[in-house]
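Engineer: Please see the structure below; I have some questions.
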Amino acid sequence: MQHTTESAIDVSTLLTVRDAERVARTMLPKLALDYYRSGADAEITRRANRSAFRKWAIAYHVLVDVSRIDARVRVLGNELASPILVAPMAYQCLAHPEGERATARAAGKSETLYVTSTMATTSLEDVAREYDAASSGAGQRWFQLYVHRDRGLTRSLVERAEANGYGALMLTVDTPVLGRRLRDVRNAFKLPTGMFAANFLPAGDISKAGVDAQAAYTSGRHEPAFSWRDLAWLRSLTRMPLVLKGVVRGDDALRAVDAGASGVIVSNHGGRQLDGAVANLDALPGVVEAVASRGPSDFTVLMDGGIRWGTDVLKALALGAKAIFVGRPILWGLTVGGEAGAARVLEILRNELATAMALAGCPDVATITRDMVVRS
Ligand SMILES: Cc1cc2nc3c(=O)[nH]c(=O)nc-3n(C[C@H](O)[C@H](O)[C@H](O)COP(=O)(O)O)c2cc1C
């Protein structure tokens, strides 16, 4: 698959996530662009994830000393420079030949958390190496798991993640079956020749694959019967903390607490799974309240979906998220400029958040309290 071969773009000319998306749209082949941008069915939820942010306005403080802005957060023991983390996303080599290697390095250098997908086009071993070489400290990377019908295969993924020093296991729970993305159906989406779901290659060796390794892990092999009862089995496989990605209800968050999880990500998969599902920002307060009703604990509530501006991050934190993940914006940056492009997107969002915190009178994340936002 050929990407446009126009001369390299100076990523410092990108001022917003929108700029990165606009340029990326001109560069990506249709198959990849459609895969990245799509939501499920009528894309009501994909759009709702964005519009939910417009329903909240920031009630800012004045005359606060904001000469120093400190956006550092602690997430499951990880000291992170900012609450803007990188969501797990499949098939990043569709965006750029360096794919996950480039985004992992960008996250590592930016001292932020990187989550590698089960469906990455780079093996979890290679992602670990790239991230660690680029970052000052190890461990700020997690592994995202889809449970495969073949329990042995699932177990081996978990064991490989633990052996390679991943700091947590992020189990995606909103994908018992795959949502229907119409553009992908119409494009008969599949990975181009030579690109693989690298975690399923025999010993990570492409030369031995022979066939498209995606065949080793098709959507039809997700385990639709996997339920709360099976979490104990997963817990028994690893000492890594477990976080559940895709929870949108308070009662499910409490079940996650009871199941021994360390946190949840309020997420609807970027609107790619259940269309008509509640927007993440609308779901967040209910989850936060349910967890708080159990009293003080280390249980961590994170969120993702639709975050495109620093002010979005501030709103999510005010509504109780400890930190947030960005998905598509990273893919747009990766497309435009590889590692530098992904790093630029993180920098844009970070700078916007710092400005938003200063203008809102919030010198650190602890001061971004619930009263900082009102319904607009
Ligand atoms: C192209 C693409 C691939 C994705 N792949 C995965 C994946 O492999 N595993 C997963 O848990 N979530 C996956 N997601 C969902 C993201 O982790 C995240 O929930 C979502 O993208 C956040 O919304 P945003 O794109 O609006 O920031 C994917 C999202 C996109 C756009």
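Ordering of the structure tokens sets the chain letters (A, B, ...), residue numbers begin anew at 1 in every chain, and ligands are numbered from 1 in the order given.
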If you run DSSP on the backbone here, which positions in stretch 114-280 of chain A get alpha helix (DSSP H)? Please write them as JSON, numbers by chain.
Structural biologist: {"A": [124, 125, 126, 127, 128, 129, 130, 131, 132, 133, 134, 151, 152, 153, 154, 155, 156, 157, 158, 159, 160, 161, 162, 163, 182, 183, 184, 185, 186, 187, 231, 232, 233, 234, 235, 236, 237, 250, 251, 252, 253, 254, 255, 256, 257, 258, 280]}
Engineer: Residues of stretch 75-182 of chain A that approach stretch 326-337 of chain A to 6 Å or less, counting only C-alpha atoms: could you list each one with the shortest pair of atoms and its distance in Å to one decimal, rows by chain and increasing residue number, as JSON lines?
Structural biologist:
```
{"residue": "A:Val86", "atom": "CA", "partner": "A:Val326", "partner_atom": "CA", "distance": 5.4}
{"residue": "A:Ala87", "atom": "CA", "partner": "A:Gly327", "partner_atom": "CA", "distance": 5.1}
{"residue": "A:Ala95", "atom": "CA", "partner": "A:Thr335", "partner_atom": "CA", "distance": 4.7}
{"residue": "A:His96", "atom": "CA", "partner": "A:Thr335", "partner_atom": "CA", "distance": 5.5}
```
Engineer: Could you pull the residues within 7 Å of stretch 317-324 of chain A, counting only C-alpha atoms, minus those fewer than 5 positions along the same chain, as number ranges by chain?
Structural biologist: A: 83-85, 284-285, 288, 300-304, 368-370, 372-373
Engineer: Next, write the just-selected residues to a file, as a JSON list (two decimals), in the first residue's frame, keeping C-alpha atoms as the atom set.
Structural biologist:
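Contents of the output file selection21.json:
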```json
[["chain", "number", "residue", "atom", "x", "y", "z"],
["A", 83, "PRO", "CA", -2.95, 13.21, 32.32],
["A", 84, "ILE", "CA", -2.99, 12.75, 28.52],
["A", 85, "LEU", "CA", -2.29, 9.08, 27.76],
["A", 284, "LEU", "CA", -18.40, 9.53, 33.59],
["A", 285, "PRO", "CA", -20.17, 11.22, 36.56],
["A", 288, "VAL", "CA", -17.34, 8.30, 39.54],
["A", 300, "THR", "CA", -8.91, 4.56, 39.38],
["A", 301, "VAL", "CA", -11.48, 5.98, 36.96],
["A", 302, "LEU", "CA", -10.07, 6.95, 33.57],
["A", 303, "MET", "CA", -11.90, 7.88, 30.38],
["A", 304, "ASP", "CA", -11.44, 8.24, 26.64],
["A", 368, "ILE", "CA", -9.51, 20.79, 38.84],
["A", 369, "THR", "CA", -12.53, 20.01, 41.00],
["A", 370, "ARG", "CA", -16.14, 19.17, 40.13],
["A", 372, "MET", "CA", -14.99, 23.89, 37.72],
["A", 373, "VAL", "CA", -17.67, 22.87, 35.18]]
```
Engineer: Mind dumping a table of every chain A residue within 7 Å of ligand 1, with the nearest atom pair and its distance in Å to one decimal, using only C-alpha atoms and all ligand atoms, sorted by chain and rising number, as a tab-separated table?
Structural biologist:
```
residue	atom	partner	partner_atom_place_in_ligand_line	distance
A:Tyr35	CA	ligand 1	1 (C)	5.8
A:Tyr36	CA	ligand 1	1 (C)	3.8
A:Arg37	CA	ligand 1	31 (C)	6.1
A:Ala87	CA	ligand 1	17 (O)	4.4
A:Pro88	CA	ligand 1	17 (O)	4.3
A:Met89	CA	ligand 1	5 (N)	3.4
A:Ala90	CA	ligand 1	8 (O)	4.0
A:Tyr91	CA	ligand 1	3 (C)	7.0
A:Ser117	CA	ligand 1	8 (O)	4.7
A:Thr118	CA	ligand 1	8 (O)	6.0
A:Met119	CA	ligand 1	8 (O)	5.1
A:Ala120	CA	ligand 1	8 (O)	7.0
A:Gln144	CA	ligand 1	11 (O)	6.1
A:Thr172	CA	ligand 1	11 (O)	4.9
A:Lys245	CA	ligand 1	11 (O)	6.7
A:Ser267	CA	ligand 1	19 (O)	5.7
A:Asn268	CA	ligand 1	19 (O)	6.3
A:His269	CA	ligand 1	19 (O)	3.7
A:Gly270	CA	ligand 1	23 (O)	3.5
A:Asp304	CA	ligand 1	22 (C)	5.0
A:Gly305	CA	ligand 1	23 (O)	3.3
A:Gly306	CA	ligand 1	26 (O)	3.7
A:Ile307	CA	ligand 1	27 (O)	5.6
A:Phe325	CA	ligand 1	27 (O)	6.7
A:Val326	CA	ligand 1	27 (O)	4.1
A:Gly327	CA	ligand 1	27 (O)	3.5
A:Arg328	CA	ligand 1	25 (O)	3.9
A:Pro329	CA	ligand 1	27 (O)	6.4
```
Engineer: Using only C-alpha atoms, which of A:Asp132, A:Glu125, A:Glu347, A:Asp184 sits nearest A:Asn164?
Structural biologist: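 Ranked by minimum distance to A:Asn164, first place goes to A:Glu125.
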Engineer: Counting only C-alpha atoms, which residue out of A:Trp309, A:Tyr131, A:Tyr146, A:Phe53 sits closest to A:Glu223?
Structural biologist: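 Nearest to A:Glu223: A:Tyr146.
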Engineer: Nearest to A:Ala40: which of A:Arg344, A:Arg186, A:Arg272, A:Arg74 is it, counting only C-alpha atoms?
Structural biologist: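 When distances to A:Ala40 are compared using only C-alpha atoms, the smallest one comes from A:Arg272.
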Engineer: Using only C-alpha atoms, determine which residues lie at most 7 Å from A:Thr122, disregarding the query and same-chain residues fewer than 3 positions distant; provide the list as a PDB file with N, CA and C atoms, in the first residue's frame.
Structural biologist:
```pdb
ATOM      1  N   GLU A 100       3.503   1.296  15.346  1.00  0.00           N
ATOM      2  CA  GLU A 100       3.563   1.327  16.816  1.00  0.00           C
ATOM      3  C   GLU A 100       4.946   1.679  17.330  1.00  0.00           C
ATOM      4  N   ASP A 126       8.555  -5.964  20.706  1.00  0.00           N
ATOM      5  CA  ASP A 126       9.207  -4.839  20.009  1.00  0.00           C
ATOM      6  C   ASP A 126       8.721  -3.497  20.554  1.00  0.00           C
ATOM      7  N   VAL A 127       7.425  -3.399  20.855  1.00  0.00           N
ATOM      8  CA  VAL A 127       6.894  -2.149  21.414  1.00  0.00           C
ATOM      9  C   VAL A 127       7.584  -1.852  22.754  1.00  0.00           C
ATOM     10  N   ALA A 198       0.872  -8.653  14.563  1.00  0.00           N
ATOM     11  CA  ALA A 198       2.192  -9.219  14.869  1.00  0.00           C
ATOM     12  C   ALA A 198       2.224 -10.060  16.135  1.00  0.00           C
TER      13      ALA A 198
END
```
